[in-house]
file final.cif (mmCIF, C-alpha atoms)
data_entry
#
loop_
_atom_site.label_atom_id
_atom_site.label_comp_id
_atom_site.auth_asym_id
_atom_site.auth_seq_id
_atom_site.Cartn_x
_atom_site.Cartn_y
_atom_site.Cartn_z
CA MET A 109 86.53 52.43 68.84
CA SER A 110 84.11 51.53 71.55
CA ASP A 111 83.68 47.97 72.61
CA ILE A 112 80.25 46.97 73.73
CA ASN A 113 81.69 44.03 75.64
CA ASN A 114 83.62 46.37 77.86
CA PRO A 115 81.22 48.00 80.24
CA ASN A 116 83.73 50.73 80.98
CA ASP A 117 84.12 51.70 77.40
CA GLY A 118 82.55 54.99 76.63
CA ASN A 119 82.82 56.00 80.28
CA PRO A 120 85.57 58.59 80.04
CA PRO A 121 87.68 60.11 82.25
CA ASP A 122 87.31 62.82 79.85
CA ALA A 123 90.64 64.48 79.21
CA GLY A 124 89.18 67.76 78.20
CA LEU A 125 86.13 68.03 80.35
CA GLY A 126 86.84 65.86 83.37
CA PRO A 127 85.14 62.68 84.46
CA PRO A 128 81.59 61.94 83.41
CA PRO A 129 78.76 62.05 85.88
CA THR A 130 78.07 58.82 87.66
CA THR A 131 74.78 57.37 88.68
CA SER A 132 73.93 58.20 92.24
CA ALA A 133 70.90 58.53 94.44
CA GLY A 134 72.03 61.81 95.95
CA PRO A 135 72.07 65.28 94.47
CA ALA A 136 73.40 65.38 90.92
CA ASN A 137 76.69 67.00 90.03
CA LEU A 138 75.91 69.21 87.08
CA GLN A 139 79.49 70.16 86.33
CA PHE A 140 79.55 67.96 83.25
CA ALA A 141 75.84 67.80 82.53
CA LYS A 142 74.29 69.09 79.35
CA ILE A 143 72.26 72.18 80.11
CA PRO A 144 70.09 74.37 77.89
CA PRO A 145 71.77 77.29 76.16
CA GLY A 146 70.01 79.81 78.41
CA ALA A 147 67.50 80.09 81.21
CA ILE A 148 64.47 77.88 81.66
CA TYR A 149 62.40 81.04 81.85
CA SER A 150 62.36 83.27 79.88
CA GLU A 151 63.18 80.41 77.56
CA ASN A 152 66.87 80.33 76.69
CA ALA A 153 67.43 83.90 77.88
CA ILE A 154 71.09 84.61 78.53
CA ALA A 155 70.40 87.98 80.12
CA ASP A 156 67.26 89.65 81.30
CA SER A 157 66.50 93.19 82.42
CA ARG A 158 63.69 92.21 84.79
CA PHE A 159 63.09 89.72 87.52
CA THR A 160 61.02 87.00 85.89
CA LEU A 161 61.37 84.43 88.65
CA GLU A 162 60.14 84.44 92.21
CA PRO A 163 59.81 81.96 95.06
CA LEU A 164 56.64 79.96 95.40
CA LEU A 165 53.52 81.93 96.25
CA THR A 166 53.34 82.93 99.91
CA VAL A 167 50.21 82.98 102.03
CA GLU A 168 50.32 86.77 102.03
CA GLN A 169 50.57 86.89 98.24
CA LEU A 170 47.67 84.46 97.95
CA ARG A 171 45.54 86.80 100.04
CA THR A 172 46.47 89.97 98.21
CA ARG A 173 46.55 88.65 94.66
CA TYR A 174 43.52 86.35 94.61
CA LEU A 175 41.46 86.76 97.75
CA PHE A 176 41.40 90.51 98.18
CA GLY A 177 38.62 91.63 100.48
CA ILE A 178 37.29 88.17 101.22
CA PRO A 179 36.94 87.33 104.92
CA LEU A 180 38.58 83.97 105.39
CA MET A 181 36.35 82.73 108.15
CA SER A 182 33.20 80.75 108.71
CA PRO A 183 29.97 82.82 108.73
CA PHE A 184 28.77 81.10 111.88
CA PRO A 185 30.50 80.04 115.11
CA ASP A 186 31.88 76.62 115.77
CA PRO A 187 29.42 74.84 118.12
CA ILE A 188 32.25 73.61 120.36
CA THR A 189 34.56 76.60 120.62
CA LYS A 190 31.75 79.16 120.13
CA LYS A 191 34.10 81.09 117.89
CA ARG A 192 34.02 81.63 114.14
CA THR A 193 36.45 79.25 112.53
CA VAL A 194 39.24 81.21 110.85
CA MET A 195 41.19 79.92 107.90
CA THR A 196 44.64 80.14 109.45
CA GLU A 197 48.01 80.59 107.78
CA PRO A 198 48.98 76.91 108.21
CA MET A 199 45.72 75.92 106.51
CA LEU A 200 46.33 78.34 103.64
CA LYS A 201 49.89 77.12 103.24
CA ASP A 202 48.66 73.53 103.15
CA ILE A 203 46.25 74.48 100.36
CA ILE A 204 49.10 76.11 98.42
CA VAL A 205 51.19 72.92 98.78
CA GLY A 206 48.26 70.91 97.45
CA ALA A 207 47.76 73.36 94.59
CA VAL A 208 51.38 72.85 93.53
CA SER A 209 50.76 69.13 93.06
CA LYS A 210 47.55 69.77 91.16
CA ALA A 211 49.29 72.35 88.95
CA GLU A 212 52.01 69.83 88.11
CA ALA A 213 49.39 67.27 87.12
CA ASP A 214 47.25 69.75 85.16
CA CYS A 215 50.10 71.26 83.19
CA LYS A 216 52.14 68.05 82.88
CA LEU A 217 55.27 69.73 84.14
CA ASP A 218 57.53 69.59 87.14
CA ILE A 219 57.56 72.81 89.10
CA PHE A 220 60.07 71.75 91.73
CA PRO A 221 63.22 69.97 90.60
CA VAL A 222 63.07 66.20 90.25
CA TYR A 223 66.09 64.05 89.42
CA ARG A 224 64.87 61.24 87.19
CA LYS A 225 66.29 58.08 85.68
CA GLU A 226 64.14 56.74 82.86
CA LYS A 227 64.43 54.30 80.03
CA ASP A 228 63.35 54.70 76.46
CA ALA A 229 63.04 52.41 73.46
CA PHE A 230 65.44 52.31 70.57
CA ASP A 231 63.53 53.27 67.45
CA ILE A 232 65.43 53.10 64.18
CA ASN A 233 63.41 55.96 62.70
CA LEU A 234 64.14 58.28 65.59
CA TYR A 235 67.74 57.10 65.70
CA ASN A 236 68.20 57.91 62.03
CA SER A 237 66.82 61.37 62.77
CA LEU A 238 70.03 62.16 64.64
CA GLY A 239 68.91 60.38 67.76
CA TYR A 240 65.73 62.28 68.40
CA PHE A 241 64.64 62.05 72.04
CA MET A 242 61.65 63.60 73.76
CA LEU A 243 61.75 63.58 77.54
CA PRO A 244 58.45 62.82 79.24
CA HIS A 245 58.91 65.38 82.00
CA ARG A 246 59.58 69.03 81.38
CA PRO A 247 61.06 71.59 81.60
CA CYS A 248 64.46 69.88 81.62
CA TYR A 249 67.28 71.96 82.98
CA ALA A 250 70.06 69.37 82.99
CA LEU A 251 70.66 66.14 81.15
CA VAL A 252 73.10 64.37 83.42
CA LYS A 253 73.72 61.15 81.51
CA LEU A 254 72.61 59.28 78.40
CA SER A 255 73.57 55.64 78.17
CA VAL A 256 72.74 52.32 76.61
CA THR A 257 71.73 50.24 79.58
CA PRO A 258 70.19 46.83 79.04
CA SER A 259 68.12 44.96 81.56
CA ASN A 260 71.09 44.02 83.76
CA GLU A 261 71.32 47.74 84.63
CA GLN A 262 75.00 47.85 83.62
CA ASP A 263 75.92 50.70 81.33
CA VAL A 264 77.12 49.24 78.05
CA TYR A 265 77.87 52.59 76.54
CA VAL A 266 77.68 56.17 77.78
CA VAL A 267 77.13 58.70 75.03
CA PRO A 268 79.67 61.51 75.40
CA ASN A 269 77.96 64.70 76.44
CA GLN A 270 79.76 66.55 73.65
CA TRP A 271 77.59 64.67 71.18
CA ILE A 272 74.34 65.57 72.87
CA GLU A 273 72.59 68.61 71.48
CA GLY A 274 70.68 70.39 74.23
CA ALA A 275 69.30 73.40 72.38
CA TYR A 276 65.70 72.34 73.00
CA LEU A 277 66.09 70.81 76.45
CA VAL A 278 63.62 73.25 78.00
CA ARG A 279 60.91 71.68 75.86
CA GLY A 280 62.24 68.19 76.53
CA GLN A 281 63.95 67.50 73.23
CA PHE A 282 67.56 66.50 72.67
CA ASN A 283 69.52 64.81 69.91
CA ILE A 284 72.72 62.89 69.42
CA ILE A 285 74.86 64.71 66.88
CA PRO A 286 78.24 62.94 66.71
CA LEU A 287 79.78 65.41 64.29
CA THR A 288 82.39 66.77 66.64
CA VAL A 289 85.31 65.20 68.42
CA ALA A 290 84.81 63.80 71.88
CA PHE A 291 87.26 62.66 74.50
CA VAL A 292 86.86 59.14 75.79
CA GLN A 293 89.38 57.60 78.15
CA GLY A 294 91.86 60.32 77.38
CA THR A 295 91.79 59.80 73.63
CA TYR A 296 89.85 61.36 70.84
CA ILE A 297 86.83 59.82 69.25
CA PRO A 298 87.29 61.65 65.96
CA GLN A 299 83.80 61.85 64.47
CA GLN A 300 81.07 59.67 63.19
CA SER A 301 83.44 57.59 61.11
CA SER A 302 84.42 55.69 64.25
CA GLY A 303 83.71 55.58 67.94
CA GLY A 304 80.08 55.82 68.82
CA ALA A 305 78.91 55.67 65.24
CA ALA A 306 80.71 52.37 64.73
CA PHE A 307 79.29 51.04 67.94
CA LEU A 308 75.85 52.17 67.05
CA GLN A 309 76.03 50.47 63.63
CA ILE A 310 74.97 47.27 65.29
CA LEU A 311 71.63 48.84 65.91
CA GLY A 312 70.92 48.90 62.20
CA ASN A 313 69.76 45.29 62.38
CA LYS A 314 66.91 46.07 64.73
CA ALA A 315 64.01 48.41 64.11
CA TRP A 316 62.90 48.66 67.70
CA ILE A 317 64.31 47.56 71.04
CA PRO A 318 62.37 48.28 74.23
CA ALA A 319 64.03 50.12 77.10
CA TRP A 320 67.37 50.39 75.31
CA TRP A 321 68.36 53.92 76.24
CA GLN A 322 68.62 55.23 79.75
CA TYR A 323 68.78 58.87 80.63
CA GLU A 324 69.21 60.74 83.86
CA TYR A 325 67.99 64.28 83.95
CA ILE A 326 66.57 66.98 86.17
CA SER A 327 63.22 68.48 85.35
CA GLY A 328 61.63 71.49 87.00
CA TYR A 329 62.73 75.02 87.73
CA PRO A 330 66.21 75.29 89.26
CA GLY A 331 66.01 75.78 93.00
CA GLY A 332 62.24 76.20 92.90
CA SER A 333 62.39 79.75 91.52
CA VAL A 334 59.27 79.83 89.40
CA PRO A 335 57.89 82.19 86.75
CA ARG A 336 55.06 84.47 87.74
CA ILE A 337 52.69 82.61 85.40
CA ILE A 338 53.23 79.42 87.40
CA ASN A 339 52.55 81.25 90.65
CA ASP A 340 49.41 82.66 89.03
CA TYR A 341 48.25 79.18 88.16
CA VAL A 342 48.97 77.85 91.65
CA GLY A 343 47.21 80.89 93.11
CA CYS A 344 44.13 80.31 90.94
CA LEU A 345 43.90 76.69 92.06
CA ALA A 346 44.36 77.60 95.71
CA ALA A 347 41.80 80.42 95.53
CA LEU A 348 39.29 78.11 93.83
CA GLU A 349 39.71 75.59 96.63
CA ILE A 350 39.36 78.21 99.34
CA LEU A 351 36.34 79.96 97.83
CA SER A 352 34.68 76.61 97.22
CA MET A 353 35.10 75.75 100.92
CA LEU A 354 33.83 79.15 102.04
CA SER A 355 30.83 79.11 99.68
CA ALA A 356 29.59 75.86 101.10
CA LEU A 357 29.34 77.50 104.52
CA TYR A 358 26.76 80.07 103.36
CA ARG A 359 23.83 77.71 103.52
CA THR A 360 20.80 79.98 103.63
CA THR A 361 19.58 82.07 100.74
CA SER A 362 16.95 83.98 102.73
CA HIS A 363 15.59 84.47 106.18
CA SER A 364 12.65 86.41 107.53
CA LEU A 365 11.47 87.63 110.86
CA GLY A 366 7.91 88.54 111.74
CA ALA A 367 6.31 89.90 114.91
CA ASP A 368 2.69 90.97 115.02
CA GLY A 369 2.19 93.25 112.03
CA LEU A 370 5.90 93.89 111.39
CA SER A 371 8.11 91.68 109.35
CA GLN A 372 11.50 91.82 107.68
CA SER A 373 13.02 89.51 105.14
CA VAL A 374 16.55 89.33 103.77
CA SER A 375 17.66 87.29 100.80
CA GLY A 376 21.14 86.64 99.52
CA PRO A 377 23.05 84.38 97.16
CA GLY A 378 23.63 81.65 99.75
CA PRO A 379 26.12 79.05 98.53
CA ASN A 380 26.52 81.08 95.32
CA LEU A 381 28.05 83.97 97.23
CA TYR A 382 31.39 83.53 95.50
CA GLY A 383 29.94 82.08 92.29
CA PRO A 384 31.04 84.92 89.98
CA ARG A 385 34.53 84.97 91.50
CA LEU A 386 34.82 81.20 91.16
CA LYS A 387 33.74 81.45 87.53
CA ASP A 388 36.30 84.17 86.80
CA LEU A 389 39.06 82.18 88.46
CA GLU A 390 38.13 79.01 86.60
CA GLU A 391 38.24 80.83 83.26
CA LYS A 392 41.59 82.32 84.16
CA ARG A 393 42.89 78.91 85.24
CA VAL A 394 41.92 77.30 81.94
CA ARG A 395 43.53 80.13 79.98
CA LEU A 396 46.75 79.91 82.02
CA GLN A 397 46.84 76.13 81.67
CA GLY A 398 46.66 76.45 77.90
CA GLN A 399 49.45 79.02 77.88
CA ILE A 400 51.70 76.96 80.10
CA ARG A 401 51.14 73.74 78.17
CA ALA A 402 51.77 75.49 74.87
CA PHE A 403 54.96 76.96 76.27
CA TYR A 404 56.41 73.54 77.04
CA GLY A 405 55.31 71.87 73.83
CA TYR A 406 52.34 69.90 75.07
CA LYS A 407 49.96 71.46 72.59
CA ILE A 408 50.00 70.23 69.03
CA PHE A 409 48.22 72.12 66.31
CA SER A 410 47.48 70.60 62.93
CA ALA A 411 45.86 72.08 59.90
CA THR A 412 45.14 71.12 56.32
CA LEU A 413 46.38 73.42 53.59
CA MET B 380 55.81 62.85 118.42
CA LEU B 381 55.59 64.55 115.06
CA LEU B 382 58.49 66.96 114.94
CA ARG B 383 57.88 70.18 113.04
CA ALA B 384 59.39 73.65 112.96
CA ARG B 385 57.50 76.84 113.70
CA PHE B 386 59.39 79.66 112.02
CA LEU B 387 59.93 82.92 113.84
CA ASN B 388 60.46 86.46 112.64
CA ASP B 389 61.60 89.55 114.53
CA VAL B 390 63.19 87.51 117.27
CA GLN B 391 64.26 89.84 120.10
CA GLY B 392 64.30 87.19 122.81
CA VAL B 393 62.35 84.26 124.14
CA ASN B 394 59.38 86.51 124.87
CA SER B 395 59.38 88.56 121.69
CA PHE B 396 58.93 87.03 118.25
CA THR B 397 56.34 86.55 115.50
CA PRO B 398 55.45 83.07 114.23
CA VAL B 399 55.38 82.86 110.42
CA GLU B 400 54.76 80.13 107.89
CA SER B 401 58.01 80.62 106.00
CA ILE B 402 61.12 82.72 106.09
CA GLU B 403 61.80 85.14 103.25
CA ALA B 404 65.19 86.51 102.32
CA THR B 405 67.07 87.81 99.30
CA ALA B 406 69.80 85.82 97.59
CA GLY B 407 73.36 86.80 98.36
CA SER B 408 72.55 87.99 101.88
CA ASN B 409 73.53 86.91 105.36
CA PHE B 410 70.49 85.88 107.34
CA ASN B 411 69.54 83.80 110.34
CA VAL B 412 66.54 81.52 110.40
CA TYR B 413 64.99 81.15 113.84
CA PHE B 414 62.53 78.38 114.50
CA GLN B 415 60.86 76.65 117.38
CA LEU B 416 60.59 72.89 117.58
CA VAL B 417 56.99 71.77 118.04
CA ASP B 418 55.19 68.49 118.46
CA ALA B 419 52.43 68.65 115.85
CA THR B 420 50.41 65.89 117.49
CA GLN B 421 49.61 68.19 120.43
CA LEU B 422 47.41 71.30 120.26
CA PRO B 423 46.17 70.43 116.75
CA PRO B 424 44.59 73.01 114.41
CA SER B 425 41.27 71.18 114.54
CA GLY B 426 41.04 72.28 118.18
CA GLY B 427 41.35 75.91 117.15
CA TRP B 428 44.96 76.28 118.24
CA VAL B 429 46.78 79.04 116.39
CA PRO B 430 49.59 78.44 115.70
CA PRO B 431 49.13 74.71 116.18
CA GLY B 432 51.57 72.37 117.92
CA LEU B 433 53.12 72.38 121.37
CA ARG B 434 56.70 73.54 121.68
CA TYR B 435 59.23 70.81 122.25
CA CYS B 436 62.31 71.32 124.39
CA PRO B 437 64.87 68.59 123.74
CA ALA B 438 67.19 67.36 126.43
CA ALA B 439 70.44 69.19 127.10
CA THR B 440 73.35 68.36 124.76
CA SER B 441 70.96 67.50 121.94
CA THR B 442 72.04 68.31 118.42
CA LEU B 443 69.97 69.34 115.44
CA VAL B 444 71.00 69.04 111.82
CA VAL B 445 69.10 70.80 109.06
CA LYS B 446 69.34 69.53 105.51
CA LEU B 447 67.85 71.24 102.47
CA ALA B 448 66.00 68.95 100.10
CA ALA B 449 67.93 69.29 96.82
CA VAL B 450 68.41 67.25 93.68
CA ASP B 451 71.43 69.10 92.45
CA GLN B 452 74.63 69.71 94.34
CA ALA B 453 74.47 73.45 93.74
CA TYR B 454 71.57 73.61 96.19
CA ALA B 455 72.49 70.81 98.59
CA LEU B 456 73.18 72.17 102.05
CA GLN B 457 73.47 70.62 105.48
CA ARG B 458 74.05 72.62 108.61
CA PHE B 459 74.04 72.28 112.38
CA ALA B 460 71.49 74.43 114.17
CA THR B 461 72.37 76.22 117.39
CA GLN B 462 70.30 77.23 120.39
CA PRO B 463 70.48 81.02 120.78
CA PHE B 464 68.64 80.93 124.13
CA ALA B 465 69.73 77.51 125.37
CA THR B 466 69.14 78.22 129.05
CA LEU B 467 65.92 80.20 128.69
CA ASP B 468 64.11 78.27 125.95
CA ALA B 469 65.60 75.10 124.55
CA SER B 470 62.90 74.83 121.91
CA ILE B 471 64.23 77.78 119.89
CA TRP B 472 66.96 77.05 117.37
CA MET B 473 68.78 79.06 114.77
CA VAL B 474 70.54 78.35 111.49
CA SER B 475 72.79 80.91 109.82
CA PHE B 476 72.95 81.25 106.07
CA PHE B 477 75.63 83.04 104.09
CA PRO B 478 75.72 84.95 100.78
CA THR B 479 77.15 81.98 98.93
CA ASP B 480 74.43 79.57 100.11
CA PHE B 481 71.69 80.79 97.81
CA PRO B 482 73.29 82.63 94.92
CA ASN B 483 70.18 82.34 92.75
CA GLY B 484 67.24 82.28 95.11
CA GLY B 485 64.51 79.68 95.18
CA THR B 486 62.01 77.87 97.33
CA PHE B 487 63.36 75.28 99.70
CA SER B 488 62.07 72.55 101.95
CA TRP B 489 64.18 71.05 104.66
CA SER B 490 64.47 68.02 106.85
CA MET B 491 65.65 68.07 110.45
CA THR B 492 67.36 65.38 112.48
CA LEU B 493 67.20 65.88 116.22
CA THR B 494 69.58 63.70 118.18
CA GLU B 495 68.94 63.54 121.90
CA PRO B 496 71.04 61.65 124.46
CA GLY B 497 70.51 57.94 124.22
CA PRO B 498 70.71 58.46 121.34
CA ILE B 499 67.11 59.16 120.50
CA ILE B 500 66.81 60.30 116.92
CA THR B 501 63.74 62.15 115.69
CA ASN B 502 63.27 63.39 112.16
CA GLY B 503 61.03 66.17 111.00
CA THR B 504 60.29 68.07 107.83
CA SER B 505 59.21 71.53 106.77
CA GLN B 506 57.72 72.02 103.34
CA PHE B 507 58.54 75.17 101.34
CA CYS B 508 59.80 76.88 104.48
CA LEU B 509 62.51 79.03 102.95
CA ARG B 510 61.73 81.50 100.16
CA VAL B 511 64.74 83.29 98.77
CA TRP B 512 64.15 86.03 96.25
CA PRO B 513 66.69 86.21 93.44
CA ALA B 514 69.07 89.16 93.56
CA LEU B 515 69.88 88.99 89.86
CA PRO B 516 67.62 88.40 86.86
CA PRO B 517 67.88 84.97 85.19
CA PRO B 518 69.54 82.87 83.89
CA SER B 519 69.71 81.56 87.37
CA TRP B 520 72.57 79.08 87.33
#

call {"tool": "encode", "arguments": {"input": "final.cif", "output": "structure tokens"}}
result
Amino acid sequence: MSDINNPNDGNPPDAGLGPPPTTSAGPANLQFAKIPPGAIYSENAIADSRFTLEPLLTVEQLRTRYLFGIPLMSPFPDPITKKRTVMTEPMLKDIIVGAVSKAEADCKLDIFPVYRKEKDAFDINLYNSLGYFMLPHRPCYALVKLSVTPSNEQDVYVVPNQWIEGAYLVRGQFNIIPLTVAFVQGTYIPQQSSGGAAFLQILGNKAWIPAWWQYEYISGYPGGSVPRIINDYVGCLAALEILSMLSALYRTTSHSLGADGLSQSVSGPGPNLYGPRLKDLEEKRVRLQGQIRAFYGYKIFSATL
Amino acid sequence: MLLRARFLNDVQGVNSFTPVESIEATAGSNFNVYFQLVDATQLPPSGGWVPPGLRYCPAATSTLVVKLAAVDQAYALQRFATQPFATLDASIWMVSFFPTDFPNGGTFSWSMTLTEPGPIITNGTSQFCLRVWPALPPPSW
């Protein structure tokens, strides 16, 4: 049985699966972490016949996929250098880096891996639903540690990873299902008749305790290999930014020249030069955002029957 | 000084290379990453300099450590860089990567620590500088 007065209780060495992960500021050791049953993308795939992941969008891909045929330069020369200002590769890369941050904020997901330590309230209703947890940052690709950690930041109890169900980790959900044996300090915790269940009985007296649970997890795509749809979204954002900057440089909508009896006039779209392309990209961005958010469970539909 | 790396492709010598924004490779391969140390505070892009930054040649016997930014130990990597043309151009450095370094591919940023005699320590970063294409379909770990 676990003893909540013993801060080491519930911290195995775990006879069957080795020692538990420990809290650290450095890179996480995922050897004993709970991971989803399959890949982050395609969700829970255990084998795939195509390459669904790629590195982050390159400058060259941004040009060919989203800016085909568009001259990335100012329409008039810089008054100091007397040359047309060109949108250089470092500038384009900087815009891509910015688009990644915006994409993360828009879609409420982590694209590049982030190791997080967060706290969550104890809620008797969620606890009675087999310890239902919903992580605030997704997709989760490894739950490193779940513990009861009060405000002194000392772990009172570490939930054995064997009791954590990670089937829905990609969408941020996990549960505590203490229906199987777990090893703690070299001995069995048989099932819910003792061990963690006995320890957790004390929680029955409280309906809600703030910041009771603490979990450490990694959200994002492993290694920064992202699905094409994410690159598409980042590309849309970057292209919108670039075309917006370029459009603003086309200031005149018409000009005319007259000499004696001859005259010529030319009119053009001016700042609306890339208006249709911007509109298309914005529509595509909104559609992609909806698809991505639905994929990771951020869209809730309700209906009355 | 604002230490940055200018990445180089097709390096034949100190007079023959192509500056690029990032290095691309395929997972499970041997590859060398060449880069030139630059001081980003000099020759800035706002002045029309392409590529921006003035090359920086550290003092002899300097060392340079490159560390990949990683949150999980499977991707954590730290390596000493070498100077392939130490006598001709001390600003050019090289890091070798091996098939086991990136088994699954990904996009990586790195930090650099340049230690010059003194010691004078200068840190620098490069965002999303290494793009490794996966060699196998997912799952990727």

call {"tool": "resolve_selection", "arguments": {"input": "final.cif", "expression": "the PyMOL selection byres ((chain B) within 12 of (chain A))", "output": "VMD selection string"}}
result
chain B and resid 384 to 386 398 to 406 419 423 to 432 447 to 456 480 to 488 505 to 520

call {"tool": "atom_distance", "arguments": {"input": "final.cif", "atom1": "atom CA of A:Phe140", "atom2": "atom CA of A:Leu254"}}
result
12.1 Å

call {"tool": "atom_distance", "arguments": {"input": "final.cif", "atom1": "atom CA of A:Gly343", "atom2": "atom CA of A:Leu170"}}
result
6.0 Å

call {"tool": "closest_residue", "arguments": {"input": "final.cif", "among": "B:Phe396, B:Phe459, B:Trp472, B:Phe464", "to": "B:Val417", "atoms": "all atoms listed in the file"}}
result
B:Trp472

call {"tool": "residues_around", "arguments": {"input": "final.cif", "residues": "stretch 437-442 of chain B", "least_positions_apart": "3", "cutoff": "7 Å", "atoms": "only C-alpha atoms", "output": "ChimeraX atom specification"}}
result
/B:469-470,493-496

call {"tool": "atom_distance", "arguments": {"input": "final.cif", "atom1": "atom CA of A:Val267", "atom2": "atom CA of A:Arg246"}}
result
21.3 Å

call {"tool": "closest_residue", "arguments": {"input": "final.cif", "among": "B:Ile499, B:Leu381, B:Gln391, B:Leu467", "to": "B:Leu422", "atoms": "only C-alpha atoms"}}
result
B:Leu381

call {"tool": "residues_around", "arguments": {"input": "final.cif", "residues": "A:Lys253", "least_positions_apart": "2", "cutoff": "6 Å", "atoms": "all atoms listed in the file", "output": "list in words"}}
result
Leu251, Tyr323 and Glu324 of chain A

call {"tool": "residues_around", "arguments": {"input": "final.cif", "residues": "B:Met380", "least_positions_apart": "2", "cutoff": "8 Å", "atoms": "only C-alpha atoms", "output": "PyMOL selection string"}}
result
chain B and resi 382+418-420

call {"tool": "residues_around", "arguments": {"input": "final.cif", "residues": "B:Val412", "least_positions_apart": "6", "cutoff": "8 Å", "atoms": "all atoms listed in the file", "output": "list in words"}}
result
Phe386, Leu387, Ile402, Met473, Val474, Ser475 and Phe476 of chain B

call {"tool": "resolve_selection", "arguments": {"input": "final.cif", "expression": "the PyMOL selection byres ((chain B and resi 434) around 6)", "output": "PyMOL selection string"}}
result
chain B and resi 416-417+433+435

call {"tool": "decode", "arguments": {"input": "final.cif", "residues": "stretch 470-512 of chain B", "atoms": "C-alpha atoms", "output": "PDB file, in the first residue's frame"}}
result
ATOM      1  CA  SER B 470      35.748  31.272 -40.265  1.00  0.00           C
ATOM      2  CA  ILE B 471      34.641  28.034 -41.959  1.00  0.00           C
ATOM      3  CA  TRP B 472      33.712  25.140 -39.698  1.00  0.00           C
ATOM      4  CA  MET B 473      32.317  21.690 -40.230  1.00  0.00           C
ATOM      5  CA  VAL B 474      30.262  19.222 -38.229  1.00  0.00           C
ATOM      6  CA  SER B 475      29.895  15.594 -39.271  1.00  0.00           C
ATOM      7  CA  PHE B 476      26.678  13.696 -38.750  1.00  0.00           C
ATOM      8  CA  PHE B 477      26.244   9.944 -38.871  1.00  0.00           C
ATOM      9  CA  PRO B 478      23.398   7.594 -39.869  1.00  0.00           C
ATOM     10  CA  THR B 479      22.406   7.015 -36.262  1.00  0.00           C
ATOM     11  CA  ASP B 480      22.124  10.728 -35.444  1.00  0.00           C
ATOM     12  CA  PHE B 481      18.808  11.339 -37.163  1.00  0.00           C
ATOM     13  CA  PRO B 482      17.051   8.016 -37.586  1.00  0.00           C
ATOM     14  CA  ASN B 483      13.659   9.647 -38.127  1.00  0.00           C
ATOM     15  CA  GLY B 484      14.342  12.991 -39.736  1.00  0.00           C
ATOM     16  CA  GLY B 485      13.066  16.324 -38.523  1.00  0.00           C
ATOM     17  CA  THR B 486      13.746  20.024 -38.343  1.00  0.00           C
ATOM     18  CA  PHE B 487      16.438  21.152 -35.972  1.00  0.00           C
ATOM     19  CA  SER B 488      17.763  24.354 -34.505  1.00  0.00           C
ATOM     20  CA  TRP B 489      21.132  24.546 -32.869  1.00  0.00           C
ATOM     21  CA  SER B 490      23.151  26.620 -30.496  1.00  0.00           C
ATOM     22  CA  MET B 491      26.884  27.223 -30.799  1.00  0.00           C
ATOM     23  CA  THR B 492      29.444  27.969 -28.120  1.00  0.00           C
ATOM     24  CA  LEU B 493      32.661  29.473 -29.391  1.00  0.00           C
ATOM     25  CA  THR B 494      35.493  29.435 -26.886  1.00  0.00           C
ATOM     26  CA  GLU B 495      38.454  31.614 -27.753  1.00  0.00           C
ATOM     27  CA  PRO B 496      41.682  31.918 -25.747  1.00  0.00           C
ATOM     28  CA  GLY B 497      41.167  33.900 -22.598  1.00  0.00           C
ATOM     29  CA  PRO B 498      38.734  32.265 -22.392  1.00  0.00           C
ATOM     30  CA  ILE B 499      36.290  34.405 -24.293  1.00  0.00           C
ATOM     31  CA  ILE B 500      33.021  32.595 -24.702  1.00  0.00           C
ATOM     32  CA  THR B 501      30.499  33.635 -27.338  1.00  0.00           C
ATOM     33  CA  ASN B 502      27.190  31.924 -27.913  1.00  0.00           C
ATOM     34  CA  GLY B 503      25.147  31.927 -31.066  1.00  0.00           C
ATOM     35  CA  THR B 504      22.025  30.296 -32.411  1.00  0.00           C
ATOM     36  CA  SER B 505      20.627  29.131 -35.721  1.00  0.00           C
ATOM     37  CA  GLN B 506      16.908  28.595 -36.061  1.00  0.00           C
ATOM     38  CA  PHE B 507      15.587  25.674 -38.141  1.00  0.00           C
ATOM     39  CA  CYS B 508      18.969  25.274 -39.795  1.00  0.00           C
ATOM     40  CA  LEU B 509      18.943  21.523 -40.323  1.00  0.00           C
ATOM     41  CA  ARG B 510      16.155  19.826 -42.272  1.00  0.00           C
ATOM     42  CA  VAL B 511      16.387  16.068 -42.384  1.00  0.00           C
ATOM     43  CA  TRP B 512      13.923  14.209 -44.553  1.00  0.00           C
TER      44      TRP B 512
END
